[in-house]
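Visitor: One file: run.cif (mmCIF, C-alpha atoms and all ligand atoms).
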data_protein
loop_
_atom_site.label_atom_id
_atom_site.label_comp_id
_atom_site.auth_asym_id
_atom_site.auth_seq_id
_atom_site.Cartn_x
_atom_site.Cartn_y
_atom_site.Cartn_z
CA MET S 9 17.70 42.49 39.65
CA TYR S 10 19.09 43.94 36.46
CA PRO S 11 22.81 43.89 35.65
CA ASN S 12 24.58 46.80 37.28
CA PHE S 13 26.29 48.22 34.27
CA LEU S 14 25.76 50.66 31.51
CA TYR S 15 24.89 48.81 28.35
CA PHE S 16 22.85 50.12 25.43
CA PHE S 17 25.11 53.16 24.96
CA ASN S 18 28.58 51.52 24.93
CA PRO S 19 29.29 50.05 28.34
CA ILE S 20 31.93 52.14 30.08
CA CYS S 21 32.07 50.62 33.51
CA VAL S 22 30.41 48.36 36.02
CA VAL S 23 28.25 50.61 38.15
CA GLN S 24 27.32 49.56 41.67
CA ILE S 25 24.38 51.78 42.42
CA GLU S 26 22.63 51.19 45.71
CA PRO S 27 18.84 50.86 45.66
CA LEU S 28 17.23 53.64 47.72
CA HIS S 29 15.91 51.27 50.39
CA ASN S 30 19.50 50.20 51.16
CA TRP S 31 20.45 53.62 52.44
CA ILE S 32 17.62 56.11 52.74
CA THR S 33 14.01 54.93 52.37
CA HIS S 34 11.92 52.04 53.68
CA PRO S 35 10.63 49.69 50.98
CA ASN S 36 7.57 51.22 49.26
CA GLU S 37 8.30 54.66 50.66
CA LEU S 38 8.76 57.69 48.43
CA LEU S 39 12.02 59.59 48.76
CA LEU S 40 11.01 63.14 49.59
CA ILE S 41 13.29 66.17 49.25
CA SER S 42 11.91 69.57 50.09
CA GLY S 43 12.91 73.03 51.17
CA PRO S 44 13.23 76.41 49.51
CA CYS S 45 14.52 77.05 46.01
CA ALA S 46 17.24 79.16 47.61
CA ALA S 47 18.53 79.92 51.09
CA GLU S 48 17.65 83.62 51.54
CA SER S 49 18.15 84.28 55.25
CA TYR S 50 18.54 82.28 58.45
CA GLU S 51 15.02 83.32 59.45
CA GLN S 52 13.57 82.02 56.16
CA LEU S 53 15.31 78.64 56.53
CA TYR S 54 14.32 78.47 60.19
CA GLN S 55 10.63 79.21 59.56
CA THR S 56 10.43 76.77 56.67
CA ALA S 57 12.23 73.98 58.53
CA LYS S 58 10.16 74.62 61.68
CA GLN S 59 6.85 74.31 59.85
CA ILE S 60 8.02 71.23 57.95
CA THR S 61 9.00 69.63 61.26
CA GLU S 62 5.83 70.67 63.10
CA LEU S 63 3.67 69.26 60.32
CA LYS S 64 5.66 66.01 60.64
CA LEU S 65 6.39 65.98 56.92
CA PRO S 66 8.37 62.82 56.17
CA ILE S 67 11.22 64.51 54.32
CA HIS S 68 14.57 62.81 53.87
CA PHE S 69 16.57 65.86 52.81
CA PHE S 70 16.04 69.58 53.36
CA ARG S 71 17.05 71.37 50.15
CA ALA S 72 18.29 74.94 49.69
CA GLY S 73 20.19 76.46 46.79
CA ILE S 74 23.26 78.35 48.04
CA TRP S 75 24.51 79.54 44.65
CA LYS S 76 21.71 80.06 42.13
CA PRO S 77 22.41 79.54 38.42
CA ARG S 78 20.33 82.37 36.94
CA THR S 79 19.92 82.68 33.20
CA ARG S 80 20.34 86.47 33.25
CA PRO S 81 22.66 88.49 35.48
CA ASN S 82 21.37 90.89 38.13
CA SER S 83 18.87 88.37 39.50
CA PHE S 84 19.25 86.94 42.99
CA GLU S 85 22.27 84.64 42.74
CA GLY S 86 22.22 83.06 46.18
CA VAL S 87 23.72 84.00 49.52
CA GLY S 88 26.92 81.95 49.17
CA GLU S 89 28.98 80.43 51.97
CA LYS S 90 27.08 81.96 54.89
CA GLY S 91 24.03 79.90 53.82
CA LEU S 92 26.04 76.74 54.55
CA ASP S 93 26.50 77.84 58.13
CA TRP S 94 22.74 78.45 58.41
CA LEU S 95 22.08 74.94 57.09
CA LEU S 96 24.44 73.52 59.68
CA GLN S 97 22.43 75.24 62.42
CA ILE S 98 19.13 74.06 60.89
CA LYS S 99 20.48 70.51 60.92
CA LYS S 100 21.33 70.78 64.63
CA GLU S 101 18.02 72.43 65.54
CA PHE S 102 15.63 70.22 63.51
CA LYS S 103 17.67 67.11 62.69
CA LEU S 104 17.07 67.67 58.98
CA LYS S 105 19.65 66.32 56.57
CA SER S 106 20.77 68.96 54.10
CA ILE S 107 21.18 68.86 50.33
CA ILE S 108 22.56 71.67 48.17
CA GLU S 109 23.39 72.24 44.51
CA VAL S 110 27.10 72.20 43.63
CA ALA S 111 28.27 73.53 40.28
CA ASN S 112 32.06 73.54 40.65
CA ALA S 113 34.93 72.19 42.78
CA ASN S 114 34.81 75.18 45.12
CA HIS S 115 31.13 74.52 45.94
CA ALA S 116 31.94 70.82 46.45
CA ASN S 117 34.81 71.59 48.83
CA LEU S 118 32.61 73.95 50.83
CA ALA S 119 29.86 71.28 50.99
CA LYS S 120 32.46 68.98 52.58
CA LYS S 121 33.68 71.68 54.95
CA TYR S 122 30.14 72.32 56.27
CA ASN S 123 29.16 68.62 56.50
CA ILE S 124 26.40 68.88 53.94
CA ASP S 125 24.70 65.47 53.72
CA ALA S 126 24.05 65.23 49.98
CA VAL S 127 24.54 67.27 46.82
CA TRP S 128 22.70 67.68 43.57
CA ILE S 129 24.09 68.54 40.17
CA GLY S 130 21.86 71.13 38.49
CA ALA S 131 20.55 70.89 34.94
CA ARG S 132 23.00 73.47 33.62
CA THR S 133 25.96 71.69 35.19
CA THR S 134 25.04 68.19 33.97
CA GLY S 135 25.51 69.54 30.46
CA ASN S 136 29.11 70.55 31.24
CA PRO S 137 31.47 67.54 31.54
CA PHE S 138 34.37 69.70 32.82
CA SER S 139 32.32 70.89 35.80
CA VAL S 140 30.90 67.43 36.51
CA GLN S 141 34.40 65.94 36.51
CA GLU S 142 35.85 68.56 38.83
CA ILE S 143 32.98 68.02 41.28
CA ALA S 144 33.46 64.23 41.18
CA ASP S 145 37.20 64.76 41.80
CA ALA S 146 36.58 67.18 44.67
CA LEU S 147 34.13 64.79 46.36
CA ASP S 148 36.32 61.71 45.79
CA ASN S 149 36.30 59.21 48.70
CA THR S 150 33.33 60.82 50.46
CA ASN S 151 30.63 58.49 49.06
CA ILE S 152 28.25 61.40 49.64
CA PRO S 153 24.88 60.84 47.93
CA VAL S 154 24.84 62.60 44.54
CA PHE S 155 21.60 63.52 42.81
CA ILE S 156 22.00 64.30 39.12
CA LYS S 157 19.39 66.31 37.25
CA ASN S 158 18.87 65.84 33.53
CA PRO S 159 20.50 68.44 31.26
CA ILE S 160 18.32 71.31 30.01
CA TYR S 161 18.15 69.78 26.53
CA PRO S 162 17.04 66.15 26.13
CA ASP S 163 20.44 64.52 25.64
CA VAL S 164 20.50 61.19 27.45
CA GLN S 165 24.21 60.71 26.74
CA LEU S 166 25.13 63.82 28.73
CA TRP S 167 22.96 62.65 31.62
CA LEU S 168 24.53 59.18 31.49
CA GLY S 169 28.00 60.68 31.14
CA ALA S 170 27.55 62.72 34.32
CA ILE S 171 26.43 59.59 36.20
CA GLU S 172 29.40 57.66 34.81
CA ARG S 173 31.85 60.29 36.03
CA PHE S 174 30.67 59.67 39.60
CA ALA S 175 30.30 55.90 39.15
CA LEU S 176 33.88 55.64 37.88
CA LYS S 177 35.04 57.26 41.13
CA GLY S 178 33.20 54.60 43.12
CA PHE S 179 30.17 56.65 44.26
CA LYS S 180 27.33 54.22 45.04
CA LYS S 181 24.55 56.51 46.22
CA ILE S 182 23.67 58.04 42.87
CA VAL S 183 20.15 59.13 42.00
CA ALA S 184 18.82 60.76 38.83
CA ILE S 185 16.27 63.59 38.91
CA ASN S 186 13.96 64.46 36.04
CA ARG S 187 13.39 68.25 36.10
CA GLY S 188 12.03 68.49 32.57
CA CYS S 189 13.60 70.01 29.47
CA HIS S 190 13.56 73.37 27.77
CA HIS S 191 10.80 73.59 25.14
CA SER S 192 9.11 76.02 22.83
CA LYS S 193 5.79 74.22 22.60
CA SER S 194 2.45 75.52 23.74
CA ILE S 195 2.18 73.43 26.88
CA ASN S 196 1.16 74.58 30.34
CA TYR S 197 4.40 73.57 31.98
CA ARG S 198 7.57 75.58 32.46
CA ASN S 199 9.61 72.58 31.29
CA ASP S 200 8.59 69.66 29.11
CA PRO S 201 8.42 66.56 31.36
CA ALA S 202 11.33 64.41 30.19
CA TRP S 203 9.47 61.10 30.56
CA GLN S 204 10.96 59.46 27.47
CA LEU S 205 14.46 60.68 28.37
CA THR S 206 14.01 59.06 31.76
CA PHE S 207 12.96 55.75 30.20
CA ASP S 208 16.04 55.95 27.94
CA LEU S 209 18.23 56.50 31.00
CA LYS S 210 16.58 53.59 32.83
CA THR S 211 17.06 51.36 29.79
CA ALA S 212 20.75 52.21 29.75
CA LEU S 213 21.13 51.92 33.49
CA PRO S 214 18.38 49.73 34.96
CA ASN S 215 19.33 50.17 38.61
CA ILE S 216 19.44 53.95 38.74
CA PRO S 217 16.74 55.29 41.08
CA ILE S 218 14.90 58.21 39.50
CA LEU S 219 13.10 61.06 41.21
CA CYS S 220 10.90 63.75 39.73
CA ASP S 221 11.20 67.49 40.34
CA PRO S 222 7.59 68.56 39.68
CA SER S 223 8.35 72.13 40.83
CA HIS S 224 10.72 72.85 37.94
CA ILE S 225 8.60 70.89 35.45
CA ALA S 226 5.29 72.55 36.38
CA GLY S 227 6.58 76.05 37.13
CA GLN S 228 3.34 76.85 38.98
CA ARG S 229 1.91 75.67 42.25
CA ASN S 230 -1.41 74.38 41.01
CA LEU S 231 0.20 71.92 38.56
CA ILE S 232 2.72 70.36 40.93
CA GLU S 233 0.41 67.67 42.26
CA GLU S 234 -0.57 66.33 38.83
CA VAL S 235 3.06 66.18 37.68
CA ALA S 236 4.13 64.44 40.90
CA GLN S 237 1.32 61.89 40.64
CA THR S 238 2.07 61.27 36.95
CA SER S 239 5.71 60.57 37.81
CA ILE S 240 4.67 58.08 40.49
CA ASN S 241 2.24 56.41 38.09
CA LEU S 242 5.14 56.03 35.67
CA GLY S 243 7.36 54.40 38.31
CA PHE S 244 9.45 57.23 39.79
CA GLU S 245 10.76 56.59 43.31
CA GLY S 246 10.47 60.01 44.87
CA VAL S 247 10.02 63.74 44.42
CA MET S 248 11.94 66.95 45.02
CA ILE S 249 9.46 69.76 45.74
CA GLU S 250 10.32 73.38 46.53
CA THR S 251 8.80 74.72 49.75
CA HIS S 252 9.06 78.16 51.34
CA TYR S 253 7.31 79.31 54.53
CA ASN S 254 5.94 82.25 52.51
CA PRO S 255 6.35 81.62 48.75
CA ASP S 256 4.94 85.01 47.76
CA ILE S 257 8.04 86.77 49.06
CA ALA S 258 10.55 84.21 47.71
CA LEU S 259 13.56 85.68 45.90
CA SER S 260 13.56 82.99 43.20
CA ASP S 261 10.97 80.64 41.66
CA LYS S 262 8.15 82.05 43.75
CA MET S 263 5.37 80.88 41.41
CA GLN S 264 6.33 77.26 41.93
CA GLN S 265 7.13 77.14 45.65
CA LEU S 266 4.54 75.66 48.01
CA ASN S 267 4.02 76.52 51.63
CA PRO S 268 4.51 73.62 54.06
CA GLN S 269 0.72 73.14 54.49
CA GLU S 270 0.27 72.77 50.74
CA LEU S 271 3.20 70.38 50.61
CA LYS S 272 1.60 68.28 53.33
CA ARG S 273 -1.71 68.10 51.49
CA ILE S 274 0.01 66.99 48.28
CA VAL S 275 2.28 64.45 49.96
CA GLN S 276 -0.72 62.93 51.74
CA SER S 277 -2.77 62.73 48.57
CA LEU S 278 -0.11 61.08 46.42
CA GLN S 279 -1.03 57.49 45.63
CA LEU S 280 1.84 55.03 45.54
CA LYS S 281 2.02 52.32 42.89
CA SER S 282 3.87 49.03 42.93
CA ALA S 283 6.26 48.02 40.17
CA ILE S 284 5.20 44.37 40.31
CA PRO S 285 1.62 43.01 40.36
CA ASP S 286 0.88 41.55 43.77
CA ASN S 287 -1.26 38.57 42.78
CA ASP S 288 -1.42 35.89 40.07
CA LEU S 289 -4.81 36.95 38.76
CA ILE S 290 -3.55 40.44 37.99
CA THR S 291 -0.39 39.02 36.40
CA GLU S 292 -2.47 36.64 34.28
CA GLN S 293 -4.81 39.40 33.03
CA LEU S 294 -1.81 41.58 32.17
CA LYS S 295 -0.27 38.67 30.29
CA GLN S 296 -3.43 38.25 28.20
CA TYR S 297 -3.47 41.93 27.23
CA ARG S 298 0.22 41.72 26.37
CA ASN S 299 -0.41 38.71 24.13
CA GLU S 300 -2.95 40.80 22.22
CA ILE S 301 -0.42 43.63 21.90
CA ASP S 302 2.20 41.14 20.65
CA LYS S 303 -0.15 39.98 17.89
CA ILE S 304 -1.02 43.52 16.85
CA ASP S 305 2.66 44.50 16.75
CA GLU S 306 3.37 41.53 14.51
CA GLU S 307 0.59 42.63 12.15
CA ILE S 308 1.99 46.17 12.11
CA ILE S 309 5.47 44.86 11.24
CA LEU S 310 4.07 42.71 8.42
CA GLN S 311 2.24 45.76 7.06
CA LEU S 312 5.46 47.76 7.33
CA ILE S 313 7.24 45.21 5.19
CA LYS S 314 4.55 45.65 2.54
CA ARG S 315 4.77 49.43 2.79
CA ASN S 316 8.54 49.37 2.38
CA MET S 317 8.21 47.16 -0.68
CA ILE S 318 5.92 49.72 -2.30
CA SER S 319 8.42 52.45 -1.37
CA GLU S 320 11.05 50.48 -3.29
CA LEU S 321 8.79 50.37 -6.36
CA ILE S 322 8.24 54.13 -6.05
CA GLY S 323 12.02 54.62 -5.77
CA GLU S 324 12.63 52.59 -8.93
CA HIS S 325 9.91 54.54 -10.74
CA LYS S 326 11.34 57.93 -9.69
CA LYS S 327 14.83 56.85 -10.64
CA LYS S 328 13.77 55.70 -14.10
CA ASN S 329 11.90 58.93 -14.72
CA ASN S 330 14.34 61.38 -13.09
CA ILE S 331 11.94 62.54 -10.41
CA THR S 332 13.06 63.90 -7.02
CA VAL S 333 12.56 61.72 -3.96
CA PHE S 334 11.05 64.36 -1.65
CA GLN S 335 7.71 65.65 -2.89
CA LEU S 336 6.36 68.34 -0.61
CA ASP S 337 2.77 68.17 -1.88
CA ARG S 338 2.58 64.45 -1.36
CA TRP S 339 4.08 64.69 2.14
CA LEU S 340 1.54 67.35 3.14
CA GLU S 341 -1.24 65.26 1.66
CA ILE S 342 -0.15 62.22 3.72
CA LEU S 343 0.15 64.29 6.88
CA ASN S 344 -3.21 66.02 6.58
CA ASN S 345 -5.09 62.99 5.44
CA ARG S 346 -3.75 60.78 8.28
CA LYS S 347 -4.37 63.52 10.84
CA GLU S 348 -7.99 63.75 9.71
CA LEU S 349 -8.32 60.01 9.97
CA GLY S 350 -6.79 60.15 13.46
CA LEU S 351 -9.27 62.84 14.46
CA LYS S 352 -12.15 60.67 13.32
CA TYR S 353 -10.95 57.80 15.52
CA ASN S 354 -9.88 59.92 18.45
CA ILE S 355 -6.13 59.46 18.05
CA SER S 356 -4.06 62.49 19.03
CA LYS S 357 -2.60 64.74 16.34
CA ASP S 358 0.85 64.42 17.91
CA HIS S 359 0.75 60.66 17.83
CA ILE S 360 -0.28 60.59 14.17
CA GLU S 361 2.35 63.18 13.31
CA HIS S 362 5.11 61.12 14.96
CA LEU S 363 3.97 58.00 13.20
CA CYS S 364 3.77 59.70 9.79
CA ASN S 365 7.24 61.13 10.30
CA LEU S 366 8.67 57.71 11.06
CA LEU S 367 6.96 56.09 8.07
CA HIS S 368 7.86 58.88 5.71
CA GLN S 369 11.50 59.05 6.84
CA GLU S 370 11.94 55.36 6.16
CA SER S 371 10.30 55.66 2.76
CA ILE S 372 12.57 58.60 1.86
CA LYS S 373 15.61 56.61 2.97
CA ILE S 374 14.62 53.57 0.89
CA GLN S 375 14.01 55.71 -2.20
CA ALA S 376 17.18 57.80 -1.75
CA ASP S 377 19.24 54.58 -1.52
CA ILE S 378 17.74 53.35 -4.77
CA LEU S 379 18.45 56.62 -6.59
CA LYS S 380 22.04 56.50 -5.31
CA GLN S 381 22.71 53.07 -6.83
CA GLY S 382 24.24 52.92 -10.31
CA ASN S 383 21.93 52.15 -13.24
C1 LIG N 401 16.89 74.24 41.54
O1 LIG N 401 16.68 73.07 41.91
O2 LIG N 401 16.59 75.23 42.21
C2 LIG N 401 17.48 74.44 40.20
C3 LIG N 401 18.17 75.53 39.88
O3 LIG N 401 17.19 73.45 39.40
P1 LIG N 401 17.57 73.15 37.85
O4 LIG N 401 19.04 72.87 37.85
O5 LIG N 401 16.75 71.93 37.60
O6 LIG N 401 17.15 74.31 37.02
MN MN N 402 14.28 76.65 41.91
#
The structure in this file should be written as C-alpha cells.
Ligand code: PEP
Ligand code: MN

Guide:
Amino acid sequence: MYPNFLYFFNPICVVQIEPLHNWITHPNELLLISGPCAAESYEQLYQTAKQITELKLPIHFFRAGIWKPRTRPNSFEGVGEKGLDWLLQIKKEFKLKSIIEVANANHANLAKKYNIDAVWIGARTTGNPFSVQEIADALDNTNIPVFIKNPIYPDVQLWLGAIERFALKGFKKIVAINRGCHHSKSINYRNDPAWQLTFDLKTALPNIPILCDPSHIAGQRNLIEEVAQTSINLGFEGVMIETHYNPDIALSDKMQQLNPQELKRIVQSLQLKSAIPDNDLITEQLKQYRNEIDKIDEEIILQLIKRNMISELIGEHKKKNNITVFQLDRWLEILNNRKELGLKYNISKDHIEHLCNLLHQESIKIQADILKQGN
C-alpha cells in the first residue's frame, strides 16, 4: 500500500481514502455507473432502469443529471427537484442505488433530503473552489461517496484541491473520474482523454481510485468501447457510461448515450487487466525489459549532458558576438529535420515535437542564463 497522503504537490493533509473493494466492488470487479445523461421524465427513468435490470447489467450506481450545466442558455437544463422524487421511486422499484451531480449547497441539501446514495462533482464545478467547498460543507458528516470529475482544463492542482476539500472534512469514499479535457486539436473525440493528468493525480495521491467516463471523452457511441478499454488497459478501476432507453430522443448528449443492449455488449466485451503480474516468470521477463530501459535512459542522460555542454558553448559564443539567443530559422530547421528523421524510423510527429520542445527549451534557458551573467 502507498502512503495515504498528498505528497508531490505540498502535502496538505493525511487522506484516508477507502479502496473500492472495501465498500462497493468485489476484488477484480469494475465499478460500473450507468444511466441517462439527464433525468427527463419518470417514464424515461423507469424504462431505462427496467431494461438495465432485465438485462442483469451489474451496475453499482444508476446515474441521472437533475440540474444540467449547459454551456449556452436555452438548452435543456434539467428537471430539478421532481427528478429526485422519481429517483427515489426507481430505487424502491429496482433496488438501484442513485448518483446525481451536485453543483452547489442547495443541490447537496436536496440530495440528502431525497436519500441519494452518492454524488458527483461535475467538470465545471471542480474548477470552482467556492462551489466545491460549499458542497463539502453541506454534505459534512454524511460520508456519502463523492465522485470528482477532472476540471475542463488540465489543471491537476484544481482536481487535487477539490479532493482535498472533501478529505479535510473526513470523507473516505472519494473517487476521481477522468472525463477528458477541452481541446482544439483535430482528434476524433469530444474531449481529449486526460490520461497524463490522471497519472499526475495518482502520483500525488496514490490511493485514489480512478474511473473513466468514456461517454464524455468519446462524444459518440461508436468510440465509447475503445476509450473504455483503453482506460482499463491503463489501470482505471471502473467506468461511468451514459445509457438511455432510447438515445435518439434524449434531451441532452444524445450522440453519446447507449441503449441498455449496447451497454451490455460493451460491458461484456471489456477485458480486465491486473495491476500486478500473477507469476514469477512474467515478473522476471518484465524486470529484464526494465533493465534494458534503465540502461537506455542512462545513455540518454549522458547524451543530454553533452548536449547541454554544447549549448553552453553556443551561449558563450552568442554573448561574445552580441547575437540573440532565440533564432527562429534554426529552431524550424531542428524541428523539421528531426520530424523527418522520426518519420523515417516510424516515430510519431507528436512525440518528436514534444522531445524537440523539451531539448530546445533547456538549450534556450542555458544560453539565456549565460547572456544574463556579467562579462
Ligand atoms: C454529465 O456527466 O452529464 C456531465 C455534465 O459531465 P461533465 O461534468 O463531465 O461535463
Ligand atoms: Mn452528459

Visitor: Please extract the residues at most 8 Å from ligand LIG 401 (chain N), counting only C-alpha atoms and all ligand atoms, and provide them as a PDB file with C-alpha atoms, in the coordinates of the input, using the chain letters and residue numbers of this document.

Guide:
ATOM      1  CA  CYS S  45      14.520  77.050  46.010  1.00  0.00           C
ATOM      2  CA  ALA S  46      17.240  79.160  47.610  1.00  0.00           C
ATOM      3  CA  ALA S  72      18.290  74.940  49.690  1.00  0.00           C
ATOM      4  CA  GLY S  73      20.190  76.460  46.790  1.00  0.00           C
ATOM      5  CA  LYS S  76      21.710  80.060  42.130  1.00  0.00           C
ATOM      6  CA  PRO S  77      22.410  79.540  38.420  1.00  0.00           C
ATOM      7  CA  ARG S  78      20.330  82.370  36.940  1.00  0.00           C
ATOM      8  CA  GLU S 109      23.390  72.240  44.510  1.00  0.00           C
ATOM      9  CA  ILE S 129      24.090  68.540  40.170  1.00  0.00           C
ATOM     10  CA  GLY S 130      21.860  71.130  38.490  1.00  0.00           C
ATOM     11  CA  ALA S 131      20.550  70.890  34.940  1.00  0.00           C
ATOM     12  CA  ARG S 132      23.000  73.470  33.620  1.00  0.00           C
ATOM     13  CA  THR S 133      25.960  71.690  35.190  1.00  0.00           C
ATOM     14  CA  LYS S 157      19.390  66.310  37.250  1.00  0.00           C
ATOM     15  CA  ASN S 158      18.870  65.840  33.530  1.00  0.00           C
ATOM     16  CA  ILE S 160      18.320  71.310  30.010  1.00  0.00           C
ATOM     17  CA  ARG S 187      13.390  68.250  36.100  1.00  0.00           C
ATOM     18  CA  GLY S 188      12.030  68.490  32.570  1.00  0.00           C
ATOM     19  CA  ASP S 221      11.200  67.490  40.340  1.00  0.00           C
ATOM     20  CA  HIS S 224      10.720  72.850  37.940  1.00  0.00           C
ATOM     21  CA  GLU S 250      10.320  73.380  46.530  1.00  0.00           C
ATOM     22  CA  ASP S 261      10.970  80.640  41.660  1.00  0.00           C
TER      23      ASP S 261
END

Visitor: Separation of CA of Thr332 (chain S) and CA of Glu320 (chain S), in Å?

Guide: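 Distance reported for this atom pair: 14.1 Å.
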
Visitor: Mind giving me the straight-line distance from CA of Gln228 (chain S) to CA of Asn186 (chain S) in Å, one decimal?

Guide: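 Rounded to one decimal, the two atoms are 16.6 Å apart.
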
Visitor: Let me make sure I understand: among S:Ile218, S:Gly243, S:Tyr161, S:Met263, which one has the smallest atom-to-atom distance to Ile284 (chain S) if we use only C-alpha atoms?

Guide: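 So, comparing all the options, the nearest one is S:Gly243.
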
Visitor: So the first atom is CA of Asn149 (chain S) and the second is CA of Tyr122 (chain S); what is the distance between them in Å, to one decimal place?

Guide: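 Computing it gives 16.3 Å between the two atoms.
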
Visitor: For Asn230 (chain S), work out the shell of residues within 12 Å, counting only C-alpha atoms and skipping chain neighbours fewer than 6 positions away, then give it as an MDAnalysis selection string.

Guide: chainID S and resid 196:197 222:223 236 263:266 270:271 274
